[in-house]
>>> print(open('entry-v6.txt').read())   # compact mmCIF, C-alpha atoms
# COMPACT_ATOMS: atom_id res chain seq x y z
CA MET A 298 -46.09 -32.94 -9.15
CA GLU A 299 -47.56 -29.53 -10.05
CA ALA A 300 -45.26 -26.52 -10.44
CA ILE A 301 -47.00 -24.76 -7.53
CA TYR A 302 -45.35 -27.23 -5.10
CA TYR A 303 -41.86 -26.25 -6.24
CA TRP A 304 -42.56 -22.52 -6.13
CA ILE A 305 -43.83 -22.79 -2.55
CA TRP A 306 -40.84 -24.99 -1.68
CA LEU A 307 -38.52 -22.21 -2.87
CA LEU A 308 -40.51 -19.70 -0.80
CA LEU A 309 -40.12 -21.85 2.33
CA VAL A 310 -36.41 -22.41 1.75
CA PHE A 311 -35.37 -18.82 1.03
CA GLY A 312 -38.15 -16.71 2.55
CA VAL A 313 -40.35 -13.96 1.15
CA GLY A 314 -38.64 -11.43 -1.11
CA ASN A 315 -35.23 -13.12 -1.07
CA ARG A 316 -33.45 -12.08 -4.28
CA LYS A 317 -31.38 -15.27 -4.22
CA ILE A 318 -34.43 -17.13 -5.51
CA TRP A 319 -33.97 -15.39 -8.85
CA LYS A 320 -30.23 -16.10 -8.85
CA VAL A 321 -31.05 -19.78 -8.33
CA LEU A 322 -33.51 -19.69 -11.23
CA GLU A 323 -30.86 -18.11 -13.44
CA HIS A 324 -28.86 -21.31 -12.92
CA TYR A 325 -31.65 -23.86 -13.19
CA ALA A 326 -34.39 -22.16 -15.25
CA THR A 327 -37.35 -23.81 -13.47
CA PRO A 328 -38.29 -24.44 -9.83
CA GLN A 329 -38.57 -28.17 -10.55
CA THR A 330 -35.01 -28.32 -11.86
CA ALA A 331 -33.78 -26.23 -8.93
CA TYR A 332 -35.45 -28.53 -6.40
CA THR A 333 -33.70 -31.60 -7.83
CA ALA A 334 -30.29 -30.00 -8.41
CA LEU A 335 -30.03 -28.28 -5.04
CA GLN A 336 -30.38 -31.60 -3.22
CA MET A 337 -27.00 -32.62 -4.70
CA GLU A 338 -24.93 -29.47 -5.22
CA LYS A 339 -24.21 -26.13 -3.57
CA LEU A 340 -24.18 -22.83 -5.39
CA PRO A 341 -21.38 -20.49 -4.28
CA PHE A 342 -23.69 -17.65 -3.16
CA LEU A 343 -25.74 -19.85 -0.81
CA LYS A 344 -25.07 -19.70 2.93
CA GLU A 345 -25.00 -22.66 5.30
CA ARG A 346 -28.37 -21.70 6.72
CA GLU A 347 -29.92 -21.80 3.26
CA MET A 348 -28.28 -25.15 2.52
CA ARG A 349 -29.77 -26.55 5.73
CA SER A 350 -33.19 -25.32 4.69
CA ILE A 351 -32.81 -27.05 1.33
CA GLN A 352 -32.26 -30.33 3.15
CA THR A 353 -34.97 -29.90 5.79
CA VAL A 354 -37.93 -28.31 3.98
CA THR A 355 -40.13 -31.12 2.69
CA MET A 356 -42.95 -31.51 0.22
CA GLU A 357 -45.13 -32.61 3.13
CA GLN A 358 -44.80 -29.07 4.52
CA VAL A 359 -45.73 -27.67 1.14
CA GLU A 360 -48.77 -29.94 0.98
CA LYS A 361 -49.93 -28.70 4.40
CA ILE A 362 -49.72 -25.10 3.21
CA ILE A 363 -51.74 -25.82 0.09
CA GLN A 364 -54.34 -27.71 2.11
CA ASN A 365 -54.51 -24.91 4.67
CA CYS A 366 -55.16 -22.39 1.90
CA LYS A 367 -57.96 -24.54 0.49
CA GLU A 368 -59.60 -24.77 3.91
CA LYS A 369 -59.40 -21.01 4.38
CA GLN A 370 -60.49 -20.27 0.80
CA ILE A 371 -57.21 -18.58 -0.01
CA SER A 372 -56.18 -18.87 -3.65
CA ILE A 373 -52.57 -19.17 -4.83
CA VAL A 374 -50.94 -17.95 -8.03
CA CYS A 375 -47.28 -18.50 -8.96
CA PHE A 376 -44.97 -16.50 -11.19
CA ASP A 377 -45.23 -18.85 -14.18
CA ASP A 378 -49.03 -19.00 -14.01
CA GLU A 379 -50.87 -17.24 -16.86
CA ASN A 380 -53.08 -15.54 -14.25
CA TYR A 381 -50.13 -13.95 -12.44
CA PRO A 382 -50.63 -10.14 -12.52
CA GLU A 383 -48.71 -8.79 -15.49
CA PRO A 384 -47.75 -5.48 -13.82
CA LEU A 385 -45.82 -7.39 -11.15
CA ARG A 386 -43.85 -9.37 -13.72
CA GLN A 387 -42.16 -6.13 -14.73
CA ILE A 388 -40.79 -5.06 -11.33
CA TYR A 389 -37.42 -5.87 -9.79
CA ASN A 390 -37.56 -8.96 -7.57
CA PRO A 391 -41.24 -9.82 -8.15
CA PRO A 392 -43.00 -12.14 -5.68
CA ILE A 393 -42.71 -15.77 -6.75
CA VAL A 394 -45.99 -16.71 -5.06
CA LEU A 395 -49.07 -14.61 -4.31
CA PHE A 396 -51.92 -15.50 -1.97
CA TYR A 397 -55.24 -13.81 -2.60
CA GLN A 398 -58.97 -13.64 -1.92
CA GLY A 399 -61.29 -11.89 -4.33
CA GLN A 400 -60.88 -10.96 -7.99
CA LEU A 401 -57.26 -11.23 -9.15
CA SER A 402 -58.23 -10.21 -12.69
CA LEU A 403 -58.91 -6.65 -11.49
CA LEU A 404 -55.18 -5.98 -11.63
CA THR A 405 -55.17 -6.42 -15.39
CA ASP A 406 -58.74 -5.31 -16.17
CA TYR A 407 -58.62 -1.85 -14.55
CA PRO A 408 -56.19 1.07 -14.47
CA ALA A 409 -54.91 1.07 -10.89
CA LEU A 410 -53.63 3.81 -8.60
CA THR A 411 -51.89 3.18 -5.28
CA VAL A 412 -52.89 5.57 -2.50
CA VAL A 413 -50.59 5.88 0.53
CA GLY A 414 -50.08 8.21 3.46
CA THR A 415 -49.71 8.58 7.18
CA ARG A 416 -51.64 6.62 9.78
CA ASN A 417 -52.47 9.93 11.48
CA PRO A 418 -53.79 12.22 8.76
CA SER A 419 -55.02 15.74 9.40
CA ASP A 420 -58.64 16.70 8.85
CA TYR A 421 -57.58 18.47 5.65
CA SER A 422 -55.91 15.31 4.32
CA ILE A 423 -58.86 13.11 5.22
CA ARG A 424 -61.40 15.43 3.66
CA THR A 425 -59.43 15.95 0.45
CA ALA A 426 -58.34 12.32 0.11
CA ASP A 427 -61.90 11.10 0.56
CA LEU A 428 -63.16 13.45 -2.13
CA LEU A 429 -60.35 12.59 -4.56
CA CYS A 430 -60.73 8.85 -4.01
CA ARG A 431 -64.49 8.99 -4.51
CA CYS A 432 -63.98 10.75 -7.84
CA LEU A 433 -61.31 8.28 -8.91
CA ALA A 434 -63.35 5.23 -7.89
CA LYS A 435 -66.44 6.49 -9.72
CA SER A 436 -64.32 7.19 -12.80
CA GLY A 437 -63.32 3.53 -13.03
CA MET A 438 -59.97 3.69 -11.26
CA LEU A 439 -58.94 0.69 -9.15
CA LEU A 440 -57.75 2.06 -5.79
CA VAL A 441 -54.91 0.13 -4.17
CA SER A 442 -53.71 0.64 -0.62
CA GLY A 443 -52.18 -1.13 2.36
CA PHE A 444 -55.23 -1.71 4.63
CA ALA A 445 -53.72 0.28 7.52
CA VAL A 446 -55.58 2.84 9.63
CA GLY A 447 -55.48 6.43 8.44
CA VAL A 448 -55.06 7.31 4.76
CA ASP A 449 -55.24 3.65 3.63
CA SER A 450 -58.65 3.31 5.25
CA VAL A 451 -59.89 6.52 3.64
CA ALA A 452 -58.99 5.15 0.19
CA HIS A 453 -60.54 1.71 0.70
CA ARG A 454 -63.68 3.13 2.24
CA ALA A 455 -64.15 5.77 -0.47
CA ALA A 456 -63.97 3.04 -3.12
CA LEU A 457 -66.47 0.83 -1.29
CA PHE A 458 -69.01 3.60 -0.75
CA SER A 459 -68.65 4.83 -4.33
CA GLY A 460 -69.42 1.43 -5.82
CA GLY A 461 -65.86 1.13 -7.10
CA LYS A 462 -63.14 -1.51 -6.78
CA THR A 463 -60.30 -1.63 -4.28
CA VAL A 464 -57.25 -3.79 -3.55
CA ALA A 465 -55.67 -4.26 -0.11
CA VAL A 466 -52.03 -5.36 -0.24
CA MET A 467 -51.23 -6.93 3.12
CA GLY A 468 -47.98 -7.13 5.06
CA CYS A 469 -49.04 -10.35 6.79
CA GLY A 470 -50.97 -13.55 6.10
CA LEU A 471 -54.52 -13.09 4.79
CA ASP A 472 -55.88 -15.06 7.74
CA VAL A 473 -54.26 -12.76 10.29
CA PRO A 474 -56.68 -10.14 11.72
CA TYR A 475 -54.42 -7.13 11.29
CA PRO A 476 -55.12 -4.40 11.93
CA LYS A 477 -57.81 -5.84 14.18
CA VAL A 478 -60.08 -2.81 13.82
CA ASN A 479 -60.20 -3.38 10.04
CA ALA A 480 -60.77 -7.13 10.15
CA SER A 481 -64.52 -6.90 9.58
CA ALA A 482 -63.97 -4.95 6.36
CA LYS A 483 -62.14 -7.82 4.66
CA LYS A 484 -65.32 -9.50 3.43
CA TYR A 485 -66.44 -6.30 1.69
CA ILE A 486 -63.09 -5.83 -0.01
CA MET A 487 -63.16 -9.49 -1.11
CA ARG A 488 -66.60 -8.92 -2.59
CA ASN A 489 -65.72 -5.64 -4.30
CA GLY A 490 -62.05 -6.11 -5.00
CA LEU A 491 -59.05 -8.09 -3.85
CA LEU A 492 -57.00 -8.99 -0.78
CA LEU A 493 -53.41 -9.73 -1.81
CA THR A 494 -50.17 -10.75 -0.09
CA GLU A 495 -46.93 -12.61 -0.75
CA PHE A 496 -46.81 -13.78 2.88
CA LEU A 497 -47.84 -17.29 3.89
CA PRO A 498 -51.04 -17.79 5.89
CA GLY A 499 -50.35 -17.30 9.57
CA THR A 500 -47.49 -14.83 9.00
CA ALA A 501 -47.57 -12.14 11.69
CA PRO A 502 -47.29 -8.44 10.72
CA ALA A 503 -43.59 -8.06 11.59
CA ARG A 504 -42.04 -4.62 11.07
CA GLN A 505 -39.68 -5.82 8.33
CA ASN A 506 -42.62 -7.11 6.27
CA PHE A 507 -43.94 -3.69 5.34
CA PRO A 508 -41.00 -2.21 3.39
CA MET A 509 -40.98 -5.48 1.44
CA ARG A 510 -44.75 -5.24 0.90
CA ASN A 511 -44.39 -1.70 -0.44
CA ARG A 512 -42.66 -2.82 -3.66
CA VAL A 513 -45.83 -4.81 -4.43
CA LEU A 514 -48.03 -1.83 -3.50
CA ALA A 515 -46.17 0.28 -6.04
CA GLY A 516 -45.81 -2.56 -8.56
CA VAL A 517 -49.47 -3.41 -9.13
CA SER A 518 -50.39 0.16 -10.14
CA GLY A 519 -49.59 2.62 -12.88
CA GLY A 520 -48.78 5.35 -10.35
CA THR A 521 -48.73 6.23 -6.64
CA LEU A 522 -50.56 9.06 -4.88
CA VAL A 523 -49.07 10.30 -1.59
CA ILE A 524 -51.67 12.07 0.55
CA GLN A 525 -49.69 13.15 3.61
CA ALA A 526 -46.35 11.94 4.92
CA PRO A 527 -43.65 13.21 7.26
CA VAL A 528 -40.00 12.51 6.47
CA GLY A 529 -39.30 8.83 7.23
CA SER A 530 -42.88 7.70 6.63
CA GLY A 531 -43.38 4.21 5.18
CA ALA A 532 -45.56 5.82 2.52
CA LEU A 533 -42.44 7.40 1.06
CA ILE A 534 -40.88 3.96 0.64
CA THR A 535 -43.77 3.08 -1.65
CA ALA A 536 -43.29 6.34 -3.54
CA GLU A 537 -39.58 5.62 -3.90
CA GLN A 538 -40.37 2.14 -5.24
CA ALA A 539 -42.77 3.65 -7.77
CA MET A 540 -40.09 6.08 -8.98
CA GLU A 541 -37.56 3.25 -9.29
CA GLN A 542 -40.12 1.34 -11.37
CA GLY A 543 -40.44 4.35 -13.70
CA LYS A 544 -43.98 5.22 -12.61
CA PRO A 545 -45.41 8.65 -11.84
CA VAL A 546 -45.68 9.81 -8.23
CA PHE A 547 -48.51 12.21 -7.38
CA CYS A 548 -48.67 14.31 -4.21
CA LEU A 549 -51.52 16.16 -2.55
CA PRO A 550 -50.13 19.65 -1.82
CA PRO A 551 -49.73 20.23 1.93
CA ALA A 552 -52.13 22.27 4.01
CA ASP A 553 -49.14 24.00 5.63
CA ILE A 554 -45.68 23.98 4.04
CA PHE A 555 -44.09 24.66 7.45
CA ASP A 556 -45.76 21.69 9.18
CA ASN A 557 -43.41 18.72 9.56
CA GLN A 558 -46.23 16.23 9.07
CA TYR A 559 -46.22 17.25 5.38
CA ALA A 560 -42.42 17.44 5.03
CA GLY A 561 -42.15 14.20 3.05
CA VAL A 562 -44.66 15.47 0.50
CA VAL A 563 -42.81 18.78 0.17
CA LYS A 564 -39.60 16.86 -0.53
CA TYR A 565 -41.16 14.86 -3.35
CA LEU A 566 -42.86 17.88 -4.89
CA ARG A 567 -39.46 19.59 -5.01
CA GLU A 568 -38.01 16.51 -6.71
CA GLY A 569 -40.58 16.47 -9.49
CA ALA A 570 -43.66 14.67 -8.15
CA ILE A 571 -46.92 15.73 -9.83
CA PRO A 572 -49.08 17.98 -7.62
CA VAL A 573 -52.72 16.94 -7.51
CA PHE A 574 -55.30 19.70 -7.23
CA ALA A 575 -58.09 17.73 -8.92
CA PRO A 576 -58.66 14.23 -10.38
CA GLU A 577 -57.83 15.61 -13.83
CA ASP A 578 -54.17 15.82 -12.81
CA ILE A 579 -54.17 12.04 -12.46
CA PHE A 580 -56.48 11.29 -15.39
CA ARG A 581 -54.10 13.14 -17.70
CA GLU A 582 -51.25 10.73 -16.92
CA TYR A 583 -53.40 7.62 -17.18
CA HIS A 584 -55.07 8.56 -20.45
CA ASP A 585 -51.65 8.62 -22.08
CA SER A 586 -50.75 5.11 -20.93
CA CYS A 587 -53.98 3.12 -20.49
CA GLU A 588 -56.06 1.52 -23.20
CA GLN A 589 -59.17 1.86 -21.03
CA ARG A 590 -60.21 5.52 -21.04
CA LEU A 591 -61.38 6.65 -17.62
CA GLN A 592 -64.67 8.48 -17.28
CA GLU A 593 -63.69 11.90 -15.96
CA ILE A 594 -65.70 12.93 -12.89
CA SER A 595 -64.97 16.28 -11.26
CA MET A 596 -64.89 16.97 -7.54
CA ASP A 597 -67.73 19.45 -8.01
CA THR A 598 -69.92 16.57 -9.16
CA ILE A 599 -69.18 14.59 -6.02
CA LEU A 600 -69.69 17.63 -3.78
CA LYS A 601 -73.15 18.19 -5.25
CA GLN A 602 -74.21 14.64 -4.46
CA GLN A 603 -75.96 14.42 -1.13
CA SER A 604 -74.10 11.41 0.33
CA PRO A 605 -75.05 10.42 3.91
CA GLU A 606 -71.46 9.34 4.55
CA LYS A 607 -68.67 11.75 5.42
CA PRO A 608 -64.90 11.19 5.33
CA VAL A 609 -63.28 8.89 7.87
CA PRO A 610 -61.93 10.97 10.77
CA SER A 611 -58.33 10.80 11.94
CA GLY A 612 -57.60 7.69 13.98
CA HIS A 613 -60.52 5.73 12.51
CA THR A 614 -60.49 2.79 10.18
CA VAL A 615 -62.03 1.41 7.03
CA ALA A 616 -64.43 -0.56 9.24
CA ALA A 617 -65.49 2.39 11.35
CA SER A 618 -68.43 4.72 10.71
CA LEU A 619 -68.11 8.47 11.08
CA GLU A 620 -69.01 9.83 14.50
CA ASN A 621 -67.65 13.41 14.34
CA PRO A 622 -67.30 14.86 10.82
CA PRO A 623 -64.01 16.79 10.50
CA ASP A 624 -65.68 19.64 8.67
CA ALA A 625 -65.57 23.38 9.25
CA ALA A 626 -67.41 25.13 12.09
CA ASP A 627 -70.38 26.07 9.88
CA GLU A 628 -70.85 22.37 9.02
CA HIS A 629 -70.99 21.63 12.74
CA VAL A 630 -73.74 24.24 13.13
CA LYS A 631 -75.70 22.65 10.26
CA GLU A 632 -75.35 19.24 11.89
CA LYS A 633 -76.65 20.56 15.23
CA LYS A 634 -79.58 22.24 13.52
CA ALA A 635 -80.46 19.07 11.62
CA GLU A 636 -80.24 17.05 14.83
CA LYS A 637 -83.14 19.02 16.28
CA GLU A 638 -85.24 18.25 13.22
CA VAL A 639 -84.88 14.47 13.51
CA ALA A 640 -87.65 12.63 15.29
CA VAL A 641 -86.15 10.81 18.27
CA GLU A 642 -89.23 8.84 19.25
CA PRO A 643 -88.82 5.11 18.53
CA VAL A 644 -90.46 4.21 15.23
CA LYS A 645 -90.93 0.57 14.29
CA PRO A 646 -89.72 0.27 10.65
CA ALA A 647 -91.36 -1.93 8.08
CA ALA A 648 -88.13 -3.80 7.34
CA ASP A 649 -88.14 -7.58 7.06
CA VAL A 650 -86.77 -9.07 10.31
CA SER A 651 -85.60 -12.14 8.35
CA VAL A 652 -82.48 -10.13 7.53
CA LEU A 653 -81.24 -10.98 11.03
CA GLU A 654 -80.70 -14.57 9.92
CA THR A 655 -77.86 -13.40 7.65
CA LEU A 656 -76.04 -11.54 10.43
CA GLU A 657 -74.13 -12.62 13.50
CA GLY A 658 -72.50 -11.31 16.68
CA LEU A 659 -72.61 -7.62 17.55
CA THR A 660 -73.74 -6.68 14.03
CA LYS A 661 -76.87 -8.77 14.55
CA GLN A 662 -77.51 -7.10 17.92
CA VAL A 663 -77.18 -3.63 16.42
CA MET A 664 -79.52 -4.46 13.53
CA ALA A 665 -82.09 -6.01 15.86
CA LEU A 666 -82.06 -2.88 18.00
CA LEU A 667 -82.56 -0.63 14.96
CA LEU A 668 -85.38 -2.83 13.69
CA GLU A 669 -87.14 -2.27 17.01
CA HIS A 670 -86.24 1.36 17.78
CA SER A 671 -85.14 3.12 14.59
CA PRO A 672 -83.87 5.86 14.36
CA LEU A 673 -81.18 5.89 17.04
CA GLN A 674 -78.01 7.83 17.66
CA ILE A 675 -74.79 5.86 17.92
CA ASP A 676 -74.43 6.90 21.58
CA GLN A 677 -77.90 5.53 22.29
CA ILE A 678 -77.02 2.22 20.64
CA VAL A 679 -73.80 1.95 22.65
CA GLN A 680 -75.68 2.60 25.88
CA MET A 681 -78.56 0.25 25.14
CA ILE A 682 -76.44 -2.79 24.28
CA GLN A 683 -73.46 -1.91 26.50
CA ALA A 684 -70.85 -2.34 23.78
CA ASP A 685 -67.62 -0.60 22.75
CA ALA A 686 -68.33 2.57 20.72
CA GLU A 687 -65.75 1.82 18.02
CA GLU A 688 -67.05 -1.73 17.56
CA VAL A 689 -70.61 -0.41 17.25
CA ALA A 690 -69.40 2.16 14.68
CA ALA A 691 -67.76 -0.64 12.69
CA CYS A 692 -71.01 -2.64 12.73
CA LEU A 693 -72.97 0.37 11.49
CA THR A 694 -70.56 0.80 8.60
CA GLU A 695 -70.97 -2.87 7.67
CA LEU A 696 -74.75 -2.49 7.71
CA ALA A 697 -74.51 0.70 5.63
CA ILE A 698 -72.34 -1.05 3.01
CA GLU A 699 -74.92 -3.85 2.91
CA GLN A 700 -77.57 -1.12 2.37
CA LEU A 701 -79.49 -2.24 5.43
CA VAL A 702 -79.21 1.04 7.35
CA GLN A 703 -78.61 4.68 6.50
CA ARG A 704 -76.90 7.49 8.37
CA MET A 705 -79.11 10.52 8.99
CA PRO A 706 -78.34 14.09 10.13
CA GLY A 707 -77.48 14.38 13.80
CA GLN A 708 -75.58 11.07 13.88
CA TYR A 709 -78.82 9.08 13.80
CA TYR A 710 -79.08 5.69 12.09
CA SER A 711 -82.21 4.27 10.55
CA VAL A 712 -83.19 1.02 8.84
CA LEU A 713 -83.64 1.34 5.09
>>> encode(input="entry-v6.txt", output="structure tokens")
Amino acid sequence: MEAIYYWIWLLLVFGVGNRKIWKVLEHYATPQTAYTALQMEKLPFLKEREMRSIQTVTMEQVEKIIQNCKEKQISIVCFDDENYPEPLRQIYNPPIVLFYQGQLSLLTDYPALTVVGTRNPSDYSIRTADLLCRCLAKSGMLLVSGFAVGVDSVAHRAALFSGGKTVAVMGCGLDVPYPKVNASAKKYIMRNGLLLTEFLPGTAPARQNFPMRNRVLAGVSGGTLVIQAPVGSGALITAEQAMEQGKPVFCLPPADIFDNQYAGVVKYLREGAIPVFAPEDIFREYHDSCEQRLQEISMDTILKQQSPEKPVPSGHTVAASLENPPDAADEHVKEKKAEKEVAVEPVKPAADVSVLETLEGLTKQVMALLLEHSPLQIDQIVQMIQADAEEVAACLTELAIEQLVQRMPGQYYSVL
């Protein structure tokens, strides 16, 4: 029987992240040996509950898990596999089994940076994080985050729209649509990066999963960037894990040192975290430790590029398109002026309607409407097809990533 069966058996017996797994392997060296020996003897540190699990967890259960993963196109890699990510081998209590979709080799082929922060970032944090992450992604940095709403979504989305690579480390099973508003973005991350978890398929996003997940978030990267975090934020757990692993922690300086929503960042800056005023502050650390030299791209370069996409606003997700740019008042005036200059009369585009065959659900409805009446404002689309505004925004982002539509001034969308 393949080694993967015994690794998954240990996972089922002891549970995700249980340090006793490694104590067992200190005694028996291999999962195969442990499986055989534990049927006949009890180690002194094992509890009765764990002994019962040893007797009740069967290889038939393991087989069902492996088959379920095959059906859902979820790949599995175990600790003794040559493809297991090398950075994770070096951390304390590494995952014994990883489930993934996408390109696992990215974790060894690219210098990686973990980006974390609050689920409710300020406009300043969104704007600055988006700009930083775009620069980093274009430079060749692999952006890693936790797939949550807020700062995580800013990082993933910036990588996707910059043509870079991104990794989402999940605190649940890969087949679980959590958070639901980000579910549609999974296919784009799979295509341009990696979805990764140590949790079995079907595992719900329980609260205790996320602190455990954070050691993996910190472990896969060479450093962690904290964008915004109050005291007690889960993002600070990831930063703490990074420090324990001997990796640099970077912090975006707060917009207001007296605002409690930045208090966690202030604490880490006082304790020696590296302040980030520009991508160069991060490049400097990585150039000293990475064989692959990153291509330095300044924020000025990104600012000069006329991108139709703006940062993700507070409360939105990686799957959602921008509706109200969180820019300064003068930007709002520019937007209003541009809106008047956009032709609002329906114009039948010359796009090939065969593209509809590749789409489904609400995304197909939105594309069909734009093919017939482009350009349209998002509010017009919502009204015409009687759908939820956030779901329509998510569909428009999907179509923009697929380069089927473009966002125009005045919140209009047009077929490319």
>>> residues_around(input="entry-v6.txt", residues="region 655-666 of chain A", least_positions_apart="3", cutoff="8 Å", atoms="all atoms listed in the file", output="compact mmCIF listing (two decimals) with C-alpha atoms, in the coordinates of the input")
# COMPACT_ATOMS: atom_id res chain seq x y z
CA VAL A 650 -86.77 -9.07 10.31
CA SER A 651 -85.60 -12.14 8.35
CA VAL A 652 -82.48 -10.13 7.53
CA GLU A 669 -87.14 -2.27 17.01
CA HIS A 670 -86.24 1.36 17.78
CA SER A 671 -85.14 3.12 14.59
CA ILE A 678 -77.02 2.22 20.64
CA ILE A 682 -76.44 -2.79 24.28
CA VAL A 689 -70.61 -0.41 17.25
CA CYS A 692 -71.01 -2.64 12.73
CA LEU A 693 -72.97 0.37 11.49
CA GLU A 695 -70.97 -2.87 7.67
CA LEU A 696 -74.75 -2.49 7.71
>>> axis_aligned_box(input="entry-v6.txt", around="region 459-476 of chain A", padding_each_side="3 Å", output="lines of an AutoDock Vina configuration file")
center_x = -58.7
center_y = -5.1
center_z = 2.4
size_x = 27.4
size_y = 25.9
size_z = 25.0
>>> closest_residue(input="entry-v6.txt", among="A:Pro498, A:Gly461, A:Pro391, A:Pro576", to="Leu403 (chain A)", atoms="all atoms listed in the file")
A:Gly461
>>> closest_residue(input="entry-v6.txt", among="A:Pro384, A:Gly561, A:Gly519, A:Gly468", to="Thr494 (chain A)", atoms="only C-alpha atoms")
A:Gly468
>>> residues_near_point(input="entry-v6.txt", point="(-62.6, 6.9, -2.5)", cutoff="7 Å", atoms="all atoms listed in the file", output="number ranges by chain")
A: 427-434, 451-456, 459
>>> write_last_selection(input="entry-v6.txt", atoms="C-alpha atoms", output="CSV table (one decimal), in the coordinates of the input")
chain,number,residue,atom,x,y,z
A,427,ASP,CA,-61.9,11.1,0.6
A,428,LEU,CA,-63.2,13.4,-2.1
A,429,LEU,CA,-60.4,12.6,-4.6
A,430,CYS,CA,-60.7,8.8,-4.0
A,431,ARG,CA,-64.5,9.0,-4.5
A,432,CYS,CA,-64.0,10.8,-7.8
A,433,LEU,CA,-61.3,8.3,-8.9
A,434,ALA,CA,-63.4,5.2,-7.9
A,451,VAL,CA,-59.9,6.5,3.6
A,452,ALA,CA,-59.0,5.2,0.2
A,453,HIS,CA,-60.5,1.7,0.7
A,454,ARG,CA,-63.7,3.1,2.2
A,455,ALA,CA,-64.2,5.8,-0.5
A,456,ALA,CA,-64.0,3.0,-3.1
A,459,SER,CA,-68.6,4.8,-4.3
>>> atom_distance(input="entry-v6.txt", atom1="CA of Pro551 (chain A)", atom2="CA of Met438 (chain A)")
23.5 Å
>>> atom_distance(input="entry-v6.txt", atom1="CA of Pro527 (chain A)", atom2="CA of Leu410 (chain A)")
21.0 Å
>>> residues_around(input="entry-v6.txt", residues="Leu493 (chain A)", least_positions_apart="5", cutoff="12 Å", atoms="only C-alpha atoms", output="tab-separated table (two decimals) with C-alpha atoms, keeping the file's coordinate frame")
chain	number	residue	atom	x	y	z
A	371	ILE	CA	-57.21	-18.58	-0.01
A	372	SER	CA	-56.18	-18.87	-3.65
A	373	ILE	CA	-52.57	-19.17	-4.83
A	374	VAL	CA	-50.94	-17.95	-8.03
A	381	TYR	CA	-50.13	-13.95	-12.44
A	382	PRO	CA	-50.63	-10.14	-12.52
A	392	PRO	CA	-43.00	-12.14	-5.68
A	394	VAL	CA	-45.99	-16.71	-5.06
A	395	LEU	CA	-49.07	-14.61	-4.31
A	396	PHE	CA	-51.92	-15.50	-1.97
A	397	TYR	CA	-55.24	-13.81	-2.60
A	398	GLN	CA	-58.97	-13.64	-1.92
A	399	GLY	CA	-61.29	-11.89	-4.33
A	400	GLN	CA	-60.88	-10.96	-7.99
A	401	LEU	CA	-57.26	-11.23	-9.15
A	402	SER	CA	-58.23	-10.21	-12.69
A	403	LEU	CA	-58.91	-6.65	-11.49
A	404	LEU	CA	-55.18	-5.98	-11.63
A	441	VAL	CA	-54.91	0.13	-4.17
A	442	SER	CA	-53.71	0.64	-0.62
A	443	GLY	CA	-52.18	-1.13	2.36
A	444	PHE	CA	-55.23	-1.71	4.63
A	463	THR	CA	-60.30	-1.63	-4.28
A	464	VAL	CA	-57.25	-3.79	-3.55
A	465	ALA	CA	-55.67	-4.26	-0.11
A	466	VAL	CA	-52.03	-5.36	-0.24
A	467	MET	CA	-51.23	-6.93	3.12
A	468	GLY	CA	-47.98	-7.13	5.06
A	469	CYS	CA	-49.04	-10.35	6.79
A	470	GLY	CA	-50.97	-13.55	6.10
A	471	LEU	CA	-54.52	-13.09	4.79
A	472	ASP	CA	-55.88	-15.06	7.74
A	483	LYS	CA	-62.14	-7.82	4.66
A	486	ILE	CA	-63.09	-5.83	-0.01
A	487	MET	CA	-63.16	-9.49	-1.11
A	498	PRO	CA	-51.04	-17.79	5.89
A	510	ARG	CA	-44.75	-5.24	0.90
A	513	VAL	CA	-45.83	-4.81	-4.43
A	514	LEU	CA	-48.03	-1.83	-3.50
A	517	VAL	CA	-49.47	-3.41	-9.13
>>> residues_near_point(input="entry-v6.txt", point="(-37.5, -23.1, -10.3)", cutoff="12 Å", atoms="all atoms listed in the file", output="ChimeraX atom specification")
/A:299-308,317-335,375-377,393-394
>>> write_last_selection(input="entry-v6.txt", atoms="C-alpha atoms", output="tab-separated table (two decimals), in the frame of the given file")
chain	number	residue	atom	x	y	z
A	299	GLU	CA	-47.56	-29.53	-10.05
A	300	ALA	CA	-45.26	-26.52	-10.44
A	301	ILE	CA	-47.00	-24.76	-7.53
A	302	TYR	CA	-45.35	-27.23	-5.10
A	303	TYR	CA	-41.86	-26.25	-6.24
A	304	TRP	CA	-42.56	-22.52	-6.13
A	305	ILE	CA	-43.83	-22.79	-2.55
A	306	TRP	CA	-40.84	-24.99	-1.68
A	307	LEU	CA	-38.52	-22.21	-2.87
A	308	LEU	CA	-40.51	-19.70	-0.80
A	317	LYS	CA	-31.38	-15.27	-4.22
A	318	ILE	CA	-34.43	-17.13	-5.51
A	319	TRP	CA	-33.97	-15.39	-8.85
A	320	LYS	CA	-30.23	-16.10	-8.85
A	321	VAL	CA	-31.05	-19.78	-8.33
A	322	LEU	CA	-33.51	-19.69	-11.23
A	323	GLU	CA	-30.86	-18.11	-13.44
A	324	HIS	CA	-28.86	-21.31	-12.92
A	325	TYR	CA	-31.65	-23.86	-13.19
A	326	ALA	CA	-34.39	-22.16	-15.25
A	327	THR	CA	-37.35	-23.81	-13.47
A	328	PRO	CA	-38.29	-24.44	-9.83
A	329	GLN	CA	-38.57	-28.17	-10.55
A	330	THR	CA	-35.01	-28.32	-11.86
A	331	ALA	CA	-33.78	-26.23	-8.93
A	332	TYR	CA	-35.45	-28.53	-6.40
A	333	THR	CA	-33.70	-31.60	-7.83
A	334	ALA	CA	-30.29	-30.00	-8.41
A	335	LEU	CA	-30.03	-28.28	-5.04
A	375	CYS	CA	-47.28	-18.50	-8.96
A	376	PHE	CA	-44.97	-16.50	-11.19
A	377	ASP	CA	-45.23	-18.85	-14.18
A	393	ILE	CA	-42.71	-15.77	-6.75
A	394	VAL	CA	-45.99	-16.71	-5.06
